[in-house]
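Raw contents of final29.cif, mmCIF, C-alpha atoms and all ligand atoms:
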data_structure
#
loop_
_atom_site.label_atom_id
_atom_site.label_comp_id
_atom_site.auth_asym_id
_atom_site.auth_seq_id
_atom_site.Cartn_x
_atom_site.Cartn_y
_atom_site.Cartn_z
CA MET A 1 -47.15 -39.56 -33.66
CA ILE A 2 -49.36 -39.56 -30.61
CA ASP A 3 -52.96 -40.66 -30.80
CA ILE A 4 -55.35 -37.82 -30.00
CA GLN A 5 -58.84 -38.89 -28.99
CA GLU A 6 -61.90 -36.71 -28.61
CA ASN A 7 -64.58 -36.52 -25.90
CA VAL A 8 -62.94 -39.02 -23.56
CA PRO A 9 -64.75 -39.47 -20.21
CA LEU A 10 -62.35 -38.53 -17.40
CA ALA A 11 -64.18 -40.01 -14.40
CA PRO A 12 -62.67 -43.51 -14.95
CA TYR A 13 -59.19 -41.94 -14.81
CA THR A 14 -59.78 -40.53 -11.32
CA THR A 15 -60.09 -42.15 -7.90
CA PHE A 16 -63.12 -39.92 -7.17
CA GLU A 17 -64.82 -41.37 -10.30
CA ILE A 18 -66.41 -37.97 -10.94
CA GLY A 19 -66.46 -35.54 -13.86
CA GLY A 20 -67.22 -35.09 -17.55
CA PRO A 21 -65.15 -35.67 -20.70
CA ALA A 22 -61.96 -34.13 -22.05
CA ARG A 23 -62.45 -32.49 -25.42
CA TYR A 24 -59.06 -33.93 -26.46
CA PHE A 25 -57.10 -36.68 -24.72
CA ALA A 26 -53.64 -38.09 -25.38
CA THR A 27 -51.29 -40.46 -23.60
CA ALA A 28 -47.64 -39.38 -23.47
CA THR A 29 -45.14 -42.23 -23.20
CA ASP A 30 -42.11 -39.97 -23.72
CA VAL A 31 -41.11 -36.30 -23.70
CA GLU A 32 -41.62 -36.04 -27.46
CA GLY A 33 -45.22 -37.25 -27.09
CA LEU A 34 -45.82 -34.75 -24.31
CA ARG A 35 -44.43 -31.97 -26.49
CA GLU A 36 -46.61 -33.04 -29.42
CA ALA A 37 -49.75 -32.99 -27.29
CA LEU A 38 -48.93 -29.52 -25.94
CA LEU A 39 -48.20 -28.24 -29.45
CA PHE A 40 -51.56 -29.58 -30.59
CA ALA A 41 -53.28 -27.67 -27.75
CA LYS A 42 -51.41 -24.50 -28.74
CA ARG A 43 -52.36 -24.90 -32.40
CA GLU A 44 -56.01 -25.51 -31.52
CA ARG A 45 -55.90 -22.61 -29.02
CA VAL A 46 -57.34 -24.75 -26.23
CA PRO A 47 -56.08 -25.09 -22.64
CA PHE A 48 -54.20 -28.20 -21.56
CA ALA A 49 -54.03 -30.16 -18.32
CA ILE A 50 -51.75 -32.91 -17.07
CA LEU A 51 -53.20 -36.05 -15.55
CA GLY A 52 -51.16 -38.47 -13.47
CA GLY A 53 -52.86 -41.23 -11.49
CA GLY A 54 -55.94 -39.03 -10.97
CA SER A 55 -55.84 -39.55 -7.18
CA ASN A 56 -55.80 -35.88 -6.25
CA VAL A 57 -58.04 -34.28 -8.83
CA LEU A 58 -61.68 -33.18 -9.01
CA VAL A 59 -62.95 -32.94 -12.59
CA HIS A 60 -65.82 -30.56 -13.40
CA ASP A 61 -69.14 -32.16 -14.34
CA ASP A 62 -68.82 -30.57 -17.79
CA GLY A 63 -65.33 -32.02 -18.18
CA PHE A 64 -62.34 -30.14 -19.57
CA PRO A 65 -62.66 -28.00 -22.73
CA GLY A 66 -59.11 -28.65 -23.93
CA MET A 67 -56.33 -31.24 -24.13
CA VAL A 68 -55.75 -33.63 -21.21
CA VAL A 69 -52.38 -35.37 -21.35
CA LYS A 70 -52.17 -38.62 -19.40
CA MET A 71 -48.59 -39.18 -18.24
CA SER A 72 -47.25 -42.63 -19.07
CA LEU A 73 -43.48 -42.07 -19.12
CA ALA A 74 -42.47 -45.16 -17.22
CA GLY A 75 -38.67 -45.56 -16.99
CA MET A 76 -36.60 -46.29 -13.89
CA ASP A 77 -32.81 -46.25 -13.92
CA PHE A 78 -30.92 -47.34 -10.78
CA GLN A 79 -27.33 -46.14 -10.26
CA GLY A 80 -25.92 -46.99 -6.81
CA VAL A 81 -28.09 -45.28 -4.17
CA GLN A 82 -29.82 -43.12 -6.75
CA VAL A 83 -32.73 -43.76 -9.06
CA GLU A 84 -33.84 -41.62 -12.00
CA VAL A 85 -37.55 -42.26 -12.23
CA GLU A 86 -39.97 -40.98 -14.85
CA ALA A 87 -43.13 -39.12 -13.92
CA GLY A 88 -45.61 -41.77 -15.09
CA VAL A 89 -44.29 -44.54 -12.82
CA GLU A 90 -46.81 -45.51 -10.13
CA LEU A 91 -45.41 -44.47 -6.75
CA MET A 92 -46.08 -47.94 -5.35
CA ASP A 93 -44.15 -49.56 -8.24
CA LEU A 94 -41.22 -47.32 -7.33
CA VAL A 95 -41.49 -48.33 -3.66
CA ARG A 96 -41.42 -52.03 -4.67
CA ALA A 97 -38.48 -51.54 -7.07
CA CYS A 98 -36.47 -49.66 -4.42
CA THR A 99 -37.18 -52.45 -1.94
CA ALA A 100 -35.87 -55.03 -4.42
CA HIS A 101 -32.74 -52.91 -4.99
CA GLY A 102 -32.12 -52.63 -1.23
CA LEU A 103 -32.82 -48.89 -1.15
CA SER A 104 -34.56 -47.39 1.84
CA GLY A 105 -36.41 -44.08 2.32
CA LEU A 106 -39.74 -44.50 0.58
CA GLU A 107 -41.29 -46.96 3.06
CA PRO A 108 -43.54 -44.36 4.81
CA LEU A 109 -44.95 -43.40 1.40
CA ALA A 110 -46.08 -46.93 0.54
CA GLY A 111 -49.74 -47.06 -0.37
CA ILE A 112 -50.06 -43.44 -1.51
CA PRO A 113 -51.94 -43.77 -4.81
CA GLY A 114 -50.86 -41.99 -7.98
CA GLN A 115 -47.70 -41.44 -9.95
CA VAL A 116 -44.23 -40.10 -9.19
CA GLY A 117 -44.89 -36.85 -11.15
CA GLY A 118 -48.04 -36.08 -9.17
CA ALA A 119 -46.26 -36.95 -5.93
CA VAL A 120 -43.30 -34.66 -6.70
CA ARG A 121 -45.60 -31.79 -7.71
CA GLY A 122 -47.60 -32.02 -4.49
CA ASN A 123 -44.66 -33.14 -2.30
CA ALA A 124 -46.73 -36.15 -1.26
CA GLY A 125 -45.97 -37.67 2.08
CA ALA A 126 -47.15 -39.66 5.04
CA TYR A 127 -46.03 -40.58 8.55
CA GLY A 128 -43.60 -37.66 8.75
CA ALA A 129 -41.82 -38.25 5.41
CA ASN A 130 -42.25 -36.38 2.12
CA ILE A 131 -40.96 -37.27 -1.34
CA GLY A 132 -39.25 -33.88 -1.75
CA GLU A 133 -36.73 -34.81 0.96
CA LEU A 134 -35.43 -37.58 -1.32
CA CYS A 135 -35.33 -35.58 -4.57
CA ARG A 136 -31.90 -34.40 -5.67
CA ARG A 137 -32.97 -33.06 -9.04
CA VAL A 138 -36.20 -32.76 -11.00
CA ARG A 139 -36.48 -32.58 -14.77
CA VAL A 140 -39.41 -30.55 -16.08
CA LEU A 141 -40.83 -29.58 -19.43
CA ASN A 142 -41.35 -25.83 -19.58
CA THR A 143 -44.68 -25.43 -21.38
CA ALA A 144 -43.80 -21.93 -22.62
CA THR A 145 -40.60 -23.01 -24.43
CA LEU A 146 -41.37 -26.75 -24.76
CA GLU A 147 -37.76 -27.35 -23.65
CA THR A 148 -36.75 -29.55 -20.73
CA GLU A 149 -34.97 -27.98 -17.74
CA GLU A 150 -33.27 -29.46 -14.69
CA ARG A 151 -34.02 -28.10 -11.22
CA GLU A 152 -31.76 -28.81 -8.26
CA THR A 153 -33.58 -29.49 -4.97
CA ALA A 154 -32.95 -25.96 -3.65
CA SER A 155 -34.97 -24.45 -6.48
CA CYS A 156 -37.86 -26.94 -6.25
CA GLY A 157 -39.53 -25.08 -3.36
CA PHE A 158 -40.60 -28.26 -1.57
CA ARG A 159 -42.71 -27.64 1.51
CA TYR A 160 -45.82 -29.12 3.09
CA ARG A 161 -47.88 -30.50 0.14
CA ASN A 162 -46.42 -27.88 -2.15
CA SER A 163 -43.62 -27.18 -4.60
CA ARG A 164 -42.55 -24.75 -7.26
CA PHE A 165 -44.18 -27.08 -9.83
CA LYS A 166 -47.54 -26.81 -8.10
CA GLU A 167 -47.36 -23.03 -7.90
CA SER A 168 -46.38 -22.63 -11.52
CA GLY A 169 -48.73 -24.52 -13.84
CA GLY A 170 -46.16 -24.09 -16.62
CA LEU A 171 -43.77 -26.82 -15.46
CA VAL A 172 -44.56 -30.46 -16.16
CA VAL A 173 -42.54 -32.92 -14.09
CA VAL A 174 -40.88 -35.36 -16.49
CA SER A 175 -38.58 -37.25 -14.12
CA ALA A 176 -36.91 -37.03 -10.73
CA LEU A 177 -33.56 -38.15 -9.39
CA LEU A 178 -34.05 -39.63 -5.91
CA GLU A 179 -31.30 -40.50 -3.47
CA LEU A 180 -31.97 -43.27 -0.99
CA THR A 181 -30.09 -45.12 1.73
CA PRO A 182 -28.77 -48.66 1.35
CA GLY A 183 -30.52 -51.33 3.42
CA LYS A 184 -31.52 -54.99 3.50
CA PRO A 185 -34.39 -55.74 1.09
CA THR A 186 -36.11 -57.99 3.66
CA GLU A 187 -36.08 -55.27 6.34
CA ILE A 188 -37.17 -52.56 3.90
CA GLY A 189 -39.94 -54.88 2.68
CA GLU A 190 -41.13 -55.40 6.26
CA ARG A 191 -41.34 -51.65 6.83
CA VAL A 192 -43.30 -51.29 3.57
CA GLU A 193 -45.76 -53.97 4.71
CA THR A 194 -46.12 -52.26 8.12
CA THR A 195 -47.04 -48.99 6.41
CA LEU A 196 -49.50 -50.76 4.12
CA ALA A 197 -51.09 -52.53 7.10
CA LYS A 198 -51.47 -49.20 8.95
CA ARG A 199 -53.18 -47.70 5.93
CA ALA A 200 -55.39 -50.76 5.39
CA ALA A 201 -56.52 -50.56 9.04
CA ARG A 202 -57.97 -47.12 8.33
CA ASN A 203 -60.29 -48.78 5.80
CA LEU A 204 -60.06 -45.87 3.40
CA GLN A 205 -57.89 -47.08 0.53
CA CYS A 206 -60.80 -48.29 -1.56
CA GLU A 207 -63.17 -45.37 -0.98
CA ARG A 208 -63.89 -43.15 -4.00
CA SER A 209 -61.99 -40.11 -2.74
CA VAL A 210 -58.85 -38.04 -3.24
CA GLY A 211 -57.42 -38.86 0.18
CA SER A 212 -57.27 -35.81 2.44
CA PHE A 213 -59.37 -33.14 0.77
CA PHE A 214 -58.00 -30.27 2.87
CA MET A 215 -54.47 -29.46 3.99
CA ASN A 216 -53.69 -29.61 7.68
CA PRO A 217 -53.69 -25.92 8.66
CA VAL A 218 -51.17 -24.09 10.82
CA VAL A 219 -53.26 -23.00 13.79
CA SER A 220 -52.35 -19.78 15.57
CA ASP A 221 -54.75 -20.23 18.50
CA PRO A 222 -52.62 -21.88 21.24
CA LEU A 223 -55.74 -23.05 23.12
CA LEU A 224 -56.95 -24.99 20.10
CA VAL A 225 -53.52 -26.59 19.65
CA GLU A 226 -53.43 -27.49 23.34
CA ARG A 227 -56.94 -28.97 23.19
CA PHE A 228 -55.96 -31.12 20.19
CA GLU A 229 -52.75 -32.36 21.82
CA LYS A 230 -54.49 -33.17 25.12
CA GLU A 231 -57.42 -34.91 23.48
CA GLN A 232 -55.38 -36.92 20.96
CA GLN A 233 -52.24 -37.40 23.09
CA VAL A 234 -49.98 -36.44 20.16
CA ARG A 235 -47.82 -33.40 19.48
CA CYS A 236 -48.71 -31.13 16.55
CA ARG A 237 -46.20 -31.37 13.70
CA ASP A 238 -44.94 -27.90 12.62
CA GLY A 239 -47.90 -26.27 14.38
CA ARG A 240 -50.31 -28.04 12.03
CA VAL A 241 -53.54 -29.44 13.43
CA PRO A 242 -55.17 -32.24 11.38
CA ALA A 243 -57.99 -30.85 9.28
CA GLY A 244 -59.97 -34.02 10.06
CA TRP A 245 -59.98 -33.19 13.78
CA LEU A 246 -61.26 -29.67 13.08
CA ILE A 247 -63.98 -31.00 10.75
CA ASP A 248 -64.98 -33.45 13.45
CA ARG A 249 -65.14 -30.66 16.04
CA ALA A 250 -67.47 -28.78 13.71
CA GLY A 251 -69.79 -31.82 13.89
CA LEU A 252 -69.54 -32.65 10.21
CA ARG A 253 -68.66 -36.34 10.21
CA SER A 254 -70.98 -38.18 7.74
CA THR A 255 -72.58 -34.91 6.52
CA ALA A 256 -73.72 -35.35 2.91
CA VAL A 257 -74.66 -33.24 -0.07
CA GLY A 258 -76.29 -35.58 -2.59
CA GLY A 259 -73.83 -38.41 -3.27
CA ALA A 260 -70.86 -36.59 -1.70
CA ALA A 261 -70.22 -37.13 1.99
CA VAL A 262 -67.72 -36.48 4.75
CA SER A 263 -66.33 -39.93 5.48
CA HIS A 264 -67.46 -41.50 8.73
CA GLN A 265 -63.99 -43.06 9.24
CA HIS A 266 -61.86 -39.99 8.50
CA ALA A 267 -63.45 -36.54 8.49
CA ASN A 268 -60.86 -35.10 6.07
CA TYR A 269 -61.92 -37.57 3.38
CA LEU A 270 -64.79 -36.37 1.22
CA ILE A 271 -66.12 -39.42 -0.55
CA ASN A 272 -68.26 -40.25 -3.53
CA THR A 273 -70.83 -42.60 -2.03
CA GLY A 274 -72.12 -43.35 -5.55
CA GLY A 275 -73.22 -41.02 -8.32
CA ALA A 276 -71.83 -37.86 -6.69
CA THR A 277 -71.36 -34.89 -8.99
CA ALA A 278 -68.48 -32.44 -8.86
CA ALA A 279 -71.05 -29.74 -8.02
CA GLU A 280 -72.05 -31.71 -4.93
CA VAL A 281 -68.43 -32.16 -3.85
CA VAL A 282 -67.79 -28.44 -4.30
CA GLN A 283 -70.83 -27.55 -2.28
CA LEU A 284 -69.91 -30.00 0.49
CA ALA A 285 -66.37 -28.57 0.58
CA ARG A 286 -67.79 -25.04 0.85
CA LEU A 287 -70.06 -26.10 3.69
CA VAL A 288 -67.14 -27.76 5.52
CA LYS A 289 -65.00 -24.63 5.17
CA GLU A 290 -67.79 -22.36 6.42
CA ARG A 291 -68.69 -24.52 9.41
CA VAL A 292 -65.06 -25.13 10.43
CA LEU A 293 -64.39 -21.40 10.23
CA SER A 294 -67.35 -20.53 12.41
CA ALA A 295 -66.72 -23.37 14.91
CA THR A 296 -62.93 -23.02 15.26
CA GLY A 297 -61.85 -19.78 13.54
CA VAL A 298 -59.60 -21.77 11.20
CA GLU A 299 -59.68 -21.36 7.43
CA LEU A 300 -59.21 -24.62 5.54
CA GLN A 301 -57.40 -24.75 2.18
CA GLU A 302 -58.07 -27.48 -0.36
CA GLU A 303 -55.31 -29.93 -1.20
CA VAL A 304 -57.14 -31.34 -4.23
CA SER A 305 -56.55 -29.90 -7.72
CA ARG A 306 -59.59 -28.87 -9.69
CA LEU A 307 -59.73 -29.56 -13.41
CA GLY A 308 -62.11 -27.73 -15.74
CA PHE A 309 -63.21 -25.14 -13.16
CA SER A 310 -62.77 -21.42 -13.69
CA SER A 311 -61.13 -19.54 -10.81
CA THR A 312 -64.46 -18.12 -9.66
CA ASP A 313 -66.43 -21.26 -10.39
CA ASP A 314 -68.06 -22.80 -7.38
CA SER A 315 -69.87 -25.03 -9.89
CA ARG A 316 -73.63 -25.28 -10.03
CA ARG A 317 -75.50 -24.85 -6.78
CA VAL A 318 -77.37 -27.76 -5.26
CA PRO A 319 -79.65 -27.34 -2.23
CA ASP A 320 -77.94 -26.97 1.15
CA PRO A 321 -78.30 -29.97 3.45
CA PRO A 322 -80.46 -29.45 6.56
CA PRO A 323 -78.72 -27.59 9.42
CA LEU A 324 -76.86 -29.76 11.89
CA PRO A 325 -78.41 -30.33 15.29
C1 LIG A 401 -56.99 -43.26 -0.76
C2 LIG A 401 -56.03 -42.11 -0.95
C3 LIG A 401 -55.04 -41.91 -0.01
C4 LIG A 401 -54.12 -40.85 -0.17
N1 LIG A 401 -53.13 -40.70 0.76
C5 LIG A 401 -52.22 -39.70 0.60
C6 LIG A 401 -51.16 -39.54 1.56
O1 LIG A 401 -51.03 -40.27 2.52
N2 LIG A 401 -50.27 -38.52 1.34
C7 LIG A 401 -50.38 -37.68 0.26
O2 LIG A 401 -49.52 -36.79 0.12
N3 LIG A 401 -51.36 -37.81 -0.64
C8 LIG A 401 -52.29 -38.80 -0.50
N4 LIG A 401 -53.30 -38.93 -1.42
C9 LIG A 401 -53.44 -37.97 -2.52
C10 LIG A 401 -52.74 -38.40 -3.82
O3 LIG A 401 -52.56 -39.78 -3.87
C11 LIG A 401 -51.38 -37.73 -3.97
O4 LIG A 401 -51.55 -36.33 -3.94
C12 LIG A 401 -50.69 -38.14 -5.26
O5 LIG A 401 -49.34 -37.80 -5.17
C13 LIG A 401 -51.28 -37.51 -6.52
O6 LIG A 401 -50.62 -38.06 -7.65
P1 LIG A 401 -51.39 -38.35 -9.01
O7 LIG A 401 -50.43 -38.90 -9.98
O8 LIG A 401 -52.60 -39.19 -8.76
O9 LIG A 401 -51.83 -36.88 -9.41
P2 LIG A 401 -53.16 -36.43 -10.19
O10 LIG A 401 -54.33 -36.60 -9.29
O11 LIG A 401 -53.23 -37.06 -11.51
O12 LIG A 401 -52.88 -34.89 -10.37
C14 LIG A 401 -52.89 -34.01 -9.27
C15 LIG A 401 -52.35 -32.65 -9.77
O13 LIG A 401 -50.98 -32.82 -10.16
C16 LIG A 401 -50.81 -32.46 -11.52
N5 LIG A 401 -49.82 -33.39 -12.09
C17 LIG A 401 -49.88 -34.72 -12.17
N6 LIG A 401 -48.76 -35.22 -12.73
C18 LIG A 401 -47.98 -34.15 -13.01
C19 LIG A 401 -46.70 -33.99 -13.61
N7 LIG A 401 -45.99 -35.03 -14.05
N8 LIG A 401 -46.19 -32.74 -13.73
C20 LIG A 401 -46.89 -31.66 -13.30
N9 LIG A 401 -48.12 -31.76 -12.74
C21 LIG A 401 -48.65 -32.98 -12.60
C22 LIG A 401 -52.17 -32.56 -12.17
O14 LIG A 401 -52.29 -31.68 -13.26
C23 LIG A 401 -53.08 -32.15 -11.01
O15 LIG A 401 -53.13 -30.75 -10.93
C24 LIG A 401 -54.22 -39.99 -1.29
C25 LIG A 401 -55.23 -40.21 -2.24
C26 LIG A 401 -56.12 -41.25 -2.08
C27 LIG A 401 -57.19 -41.48 -3.12
#
Starting from the coordinates I provided, produce the structure as structure tokens.
Amino acid sequence: MIDIQENVPLAPYTTFEIGGPARYFATATDVEGLREALLFAKRERVPFAILGGGSNVLVHDDGFPGMVVKMSLAGMDFQGVQVEVEAGVELMDLVRACTAHGLSGLEPLAGIPGQVGGAVRGNAGAYGANIGELCRRVRVLNTATLETEERETASCGFRYRNSRFKESGGLVVVSALLELTPGKPTEIGERVETTLAKRAARNLQCERSVGSFFMNPVVSDPLLVERFEKEQQVRCRDGRVPAGWLIDRAGLRSTAVGGAAVSHQHANYLINTGGATAAEVVQLARLVKERVLSATGVELQEEVSRLGFSSTDDSRRVPDPPPLP
């Protein structure tokens, strides 16, 4: 039997540290527990939501009016160059375990907060590598049938920060089978440390944020792409220009709405400087989208998942900040 709690504050479960309570809250340590929690939500006729490490989620100030299931399935099973890893394992714990087993491939992903399930759903990645490239099979719980299903890579729809599991809210990632490459633990460990050092140098790991708030858009204007490449001396990857560069061009670095601000260090990080509300974050995000569109003609899409918002909900309005000089 799983323990179902009521009115559990969600902010402490998120890296943004924002948002109200869940009406019901349960922790699933196995598939049976997950099923039980979903059945409870069905019986009570309330919506449900899955929570991983909470590092890519913005919770509404009023919280979530249904059942939030915190994923804590935590098994890892190594077989040769493959590992079957459950959704609730912290991504960094997986990186460390693969290093110890002499398995290479996850080094560029070191330091990405959150769990394996959240990473697979959003095809998390960094420094040119994405977790989907290593997945051979993903096991999901279909929330309509409450049965588990296995998806081969070809049917997972992995692409830039997206997957079939993200598009269809009805599939909960339960575990993934990853295939890695053999290597020397010391060398893999060194590459992990190099990635961690690169991330630490950006001084962003301990900000209250969700990492990059917007996806890097594909830009059709060749002049804009050329300007970015000339200015930054790097080639665009897959025609995508960093959202942070566009936000910077729109003059928004450090812009704030209440306690929510565009980070001074990285313009694609919206941060909670202390006491920010979800309404303030939403309004800041709206302002960023509007100003980037008018300054560059590019429409930004959010990477973050919203929890407790209705599809038309832009949350409560707070006053606009003063116009930029
Ligand atoms: C400082 C910082 C740096 C970051 N850097 C990066 C980076 O370099 N690259 C990158 O890709 N991301 C980055 N992120 C974003 C975030 O860490 C990733 O998106 C991460 O994979 C989210 O996993 P999570 O477990 O925290 O998901 P959560 O935030 O808990 O959930 C996000 C969404 O996934 C859903 N979800 C969670 N688990 C499951 C599951 N098992 N099955 C189905 N749906 C599920 C939730 O319902 C929610 O909609 C960063 C975040 C922070 C705070």
Contact residues around region 243-249 of chain A with all atoms listed in the file at 7 Å, ignoring same-chain residues under 2 positions, as a ChimeraX atom specification: /A:214-217,241,251-253,266-268,288,292
Residues up to 8 Å from ligand LIG 401 (chain A), counting only C-alpha atoms and all ligand atoms: could you list those as a PDB file with C-alpha atoms, in the frame of the given file?
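As written to disk, result38.pdb reads:
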ATOM      1  CA  THR A  14     -59.780 -40.530 -11.320  1.00  0.00           C
ATOM      2  CA  THR A  15     -60.090 -42.150  -7.900  1.00  0.00           C
ATOM      3  CA  PHE A  16     -63.120 -39.920  -7.170  1.00  0.00           C
ATOM      4  CA  ALA A  49     -54.030 -30.160 -18.320  1.00  0.00           C
ATOM      5  CA  ILE A  50     -51.750 -32.910 -17.070  1.00  0.00           C
ATOM      6  CA  LEU A  51     -53.200 -36.050 -15.550  1.00  0.00           C
ATOM      7  CA  GLY A  52     -51.160 -38.470 -13.470  1.00  0.00           C
ATOM      8  CA  GLY A  53     -52.860 -41.230 -11.490  1.00  0.00           C
ATOM      9  CA  GLY A  54     -55.940 -39.030 -10.970  1.00  0.00           C
ATOM     10  CA  SER A  55     -55.840 -39.550  -7.180  1.00  0.00           C
ATOM     11  CA  ASN A  56     -55.800 -35.880  -6.250  1.00  0.00           C
ATOM     12  CA  VAL A  57     -58.040 -34.280  -8.830  1.00  0.00           C
ATOM     13  CA  MET A  71     -48.590 -39.180 -18.240  1.00  0.00           C
ATOM     14  CA  ALA A  87     -43.130 -39.120 -13.920  1.00  0.00           C
ATOM     15  CA  GLY A  88     -45.610 -41.770 -15.090  1.00  0.00           C
ATOM     16  CA  GLU A  90     -46.810 -45.510 -10.130  1.00  0.00           C
ATOM     17  CA  LEU A  91     -45.410 -44.470  -6.750  1.00  0.00           C
ATOM     18  CA  LEU A 109     -44.950 -43.400   1.400  1.00  0.00           C
ATOM     19  CA  GLY A 111     -49.740 -47.060  -0.370  1.00  0.00           C
ATOM     20  CA  ILE A 112     -50.060 -43.440  -1.510  1.00  0.00           C
ATOM     21  CA  PRO A 113     -51.940 -43.770  -4.810  1.00  0.00           C
ATOM     22  CA  GLY A 114     -50.860 -41.990  -7.980  1.00  0.00           C
ATOM     23  CA  GLN A 115     -47.700 -41.440  -9.950  1.00  0.00           C
ATOM     24  CA  VAL A 116     -44.230 -40.100  -9.190  1.00  0.00           C
ATOM     25  CA  GLY A 117     -44.890 -36.850 -11.150  1.00  0.00           C
ATOM     26  CA  GLY A 118     -48.040 -36.080  -9.170  1.00  0.00           C
ATOM     27  CA  ALA A 119     -46.260 -36.950  -5.930  1.00  0.00           C
ATOM     28  CA  VAL A 120     -43.300 -34.660  -6.700  1.00  0.00           C
ATOM     29  CA  ARG A 121     -45.600 -31.790  -7.710  1.00  0.00           C
ATOM     30  CA  GLY A 122     -47.600 -32.020  -4.490  1.00  0.00           C
ATOM     31  CA  ASN A 123     -44.660 -33.140  -2.300  1.00  0.00           C
ATOM     32  CA  ALA A 124     -46.730 -36.150  -1.260  1.00  0.00           C
ATOM     33  CA  GLY A 125     -45.970 -37.670   2.080  1.00  0.00           C
ATOM     34  CA  ALA A 126     -47.150 -39.660   5.040  1.00  0.00           C
ATOM     35  CA  TYR A 127     -46.030 -40.580   8.550  1.00  0.00           C
ATOM     36  CA  ASN A 130     -42.250 -36.380   2.120  1.00  0.00           C
ATOM     37  CA  VAL A 140     -39.410 -30.550 -16.080  1.00  0.00           C
ATOM     38  CA  ARG A 161     -47.880 -30.500   0.140  1.00  0.00           C
ATOM     39  CA  PHE A 165     -44.180 -27.080  -9.830  1.00  0.00           C
ATOM     40  CA  LYS A 166     -47.540 -26.810  -8.100  1.00  0.00           C
ATOM     41  CA  GLY A 169     -48.730 -24.520 -13.840  1.00  0.00           C
ATOM     42  CA  LEU A 171     -43.770 -26.820 -15.460  1.00  0.00           C
ATOM     43  CA  VAL A 172     -44.560 -30.460 -16.160  1.00  0.00           C
ATOM     44  CA  VAL A 173     -42.540 -32.920 -14.090  1.00  0.00           C
ATOM     45  CA  VAL A 174     -40.880 -35.360 -16.490  1.00  0.00           C
ATOM     46  CA  SER A 175     -38.580 -37.250 -14.120  1.00  0.00           C
ATOM     47  CA  LEU A 204     -60.060 -45.870   3.400  1.00  0.00           C
ATOM     48  CA  GLN A 205     -57.890 -47.080   0.530  1.00  0.00           C
ATOM     49  CA  CYS A 206     -60.800 -48.290  -1.560  1.00  0.00           C
ATOM     50  CA  GLU A 207     -63.170 -45.370  -0.980  1.00  0.00           C
ATOM     51  CA  ARG A 208     -63.890 -43.150  -4.000  1.00  0.00           C
ATOM     52  CA  SER A 209     -61.990 -40.110  -2.740  1.00  0.00           C
ATOM     53  CA  VAL A 210     -58.850 -38.040  -3.240  1.00  0.00           C
ATOM     54  CA  GLY A 211     -57.420 -38.860   0.180  1.00  0.00           C
ATOM     55  CA  SER A 212     -57.270 -35.810   2.440  1.00  0.00           C
ATOM     56  CA  GLU A 303     -55.310 -29.930  -1.200  1.00  0.00           C
ATOM     57  CA  VAL A 304     -57.140 -31.340  -4.230  1.00  0.00           C
ATOM     58  CA  SER A 305     -56.550 -29.900  -7.720  1.00  0.00           C
ATOM     59  CA  ARG A 306     -59.590 -28.870  -9.690  1.00  0.00           C
ATOM     60  CA  LEU A 307     -59.730 -29.560 -13.410  1.00  0.00           C
TER      61      LEU A 307
END
Using Å and a single decimal, report how far CA of Ala26 (chain A) sits from CA of Gly170 (chain A). 18.1 Å
Nearest-residue call for Asp62 (chain A), choices A:Gly20, A:Gly239, A:Gly258, A:Pro12, using only C-alpha atoms: A:Gly20
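The coordinates place CA of Arg202 (chain A) at 15.4 Å from CA of Pro242 (chain A).
CA of Ala197 (chain A) lies 25.0 Å from CA of Arg240 (chain A).
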Nearest to Arg191 (chain A) by atom-to-atom distance, counting only C-alpha atoms, from A:Pro9, A:Gly105, A:Pro47, A:Gly19: A:Gly105
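Using only C-alpha atoms, the nearest neighbour of Leu103 (chain A) within the list A:Ser155, A:Gln82, A:Thr194, A:Gln265 is A:Gln82.
By only C-alpha atoms, and with residues fewer than 3 positions from region 29-39 of chain A along its chain excluded, the set lying at most 7 Å from it is Ile2, Ala26, Lys42, Arg43, Phe48, Val69, Met71, Ser72, Leu73 and Leu146 of chain A.
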Export C-alpha atoms of the chosen residues as a compact mmCIF listing (two decimals), in the frame of the given file?
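Output contents, as saved in selection38.txt:
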# COMPACT_ATOMS: atom_id res chain seq x y z
CA ILE A 2 -49.36 -39.56 -30.61
CA ALA A 26 -53.64 -38.09 -25.38
CA LYS A 42 -51.41 -24.50 -28.74
CA ARG A 43 -52.36 -24.90 -32.40
CA PHE A 48 -54.20 -28.20 -21.56
CA VAL A 69 -52.38 -35.37 -21.35
CA MET A 71 -48.59 -39.18 -18.24
CA SER A 72 -47.25 -42.63 -19.07
CA LEU A 73 -43.48 -42.07 -19.12
CA LEU A 146 -41.37 -26.75 -24.76
Using only C-alpha atoms, which residues sit within 9 Å of Leu106 (chain A) once same-chain residues fewer than 3 positions away are excluded, as a PDB file with C-alpha atoms, in the coordinates of the input?
ATOM      1  CA  LEU A  94     -41.220 -47.320  -7.330  1.00  0.00           C
ATOM      2  CA  VAL A  95     -41.490 -48.330  -3.660  1.00  0.00           C
ATOM      3  CA  CYS A  98     -36.470 -49.660  -4.420  1.00  0.00           C
ATOM      4  CA  THR A  99     -37.180 -52.450  -1.940  1.00  0.00           C
ATOM      5  CA  LEU A 103     -32.820 -48.890  -1.150  1.00  0.00           C
ATOM      6  CA  LEU A 109     -44.950 -43.400   1.400  1.00  0.00           C
ATOM      7  CA  ALA A 110     -46.080 -46.930   0.540  1.00  0.00           C
ATOM      8  CA  ALA A 129     -41.820 -38.250   5.410  1.00  0.00           C
ATOM      9  CA  ASN A 130     -42.250 -36.380   2.120  1.00  0.00           C
ATOM     10  CA  ILE A 131     -40.960 -37.270  -1.340  1.00  0.00           C
ATOM     11  CA  LEU A 134     -35.430 -37.580  -1.320  1.00  0.00           C
ATOM     12  CA  LEU A 180     -31.970 -43.270  -0.990  1.00  0.00           C
ATOM     13  CA  VAL A 192     -43.300 -51.290   3.570  1.00  0.00           C
TER      14      VAL A 192
END
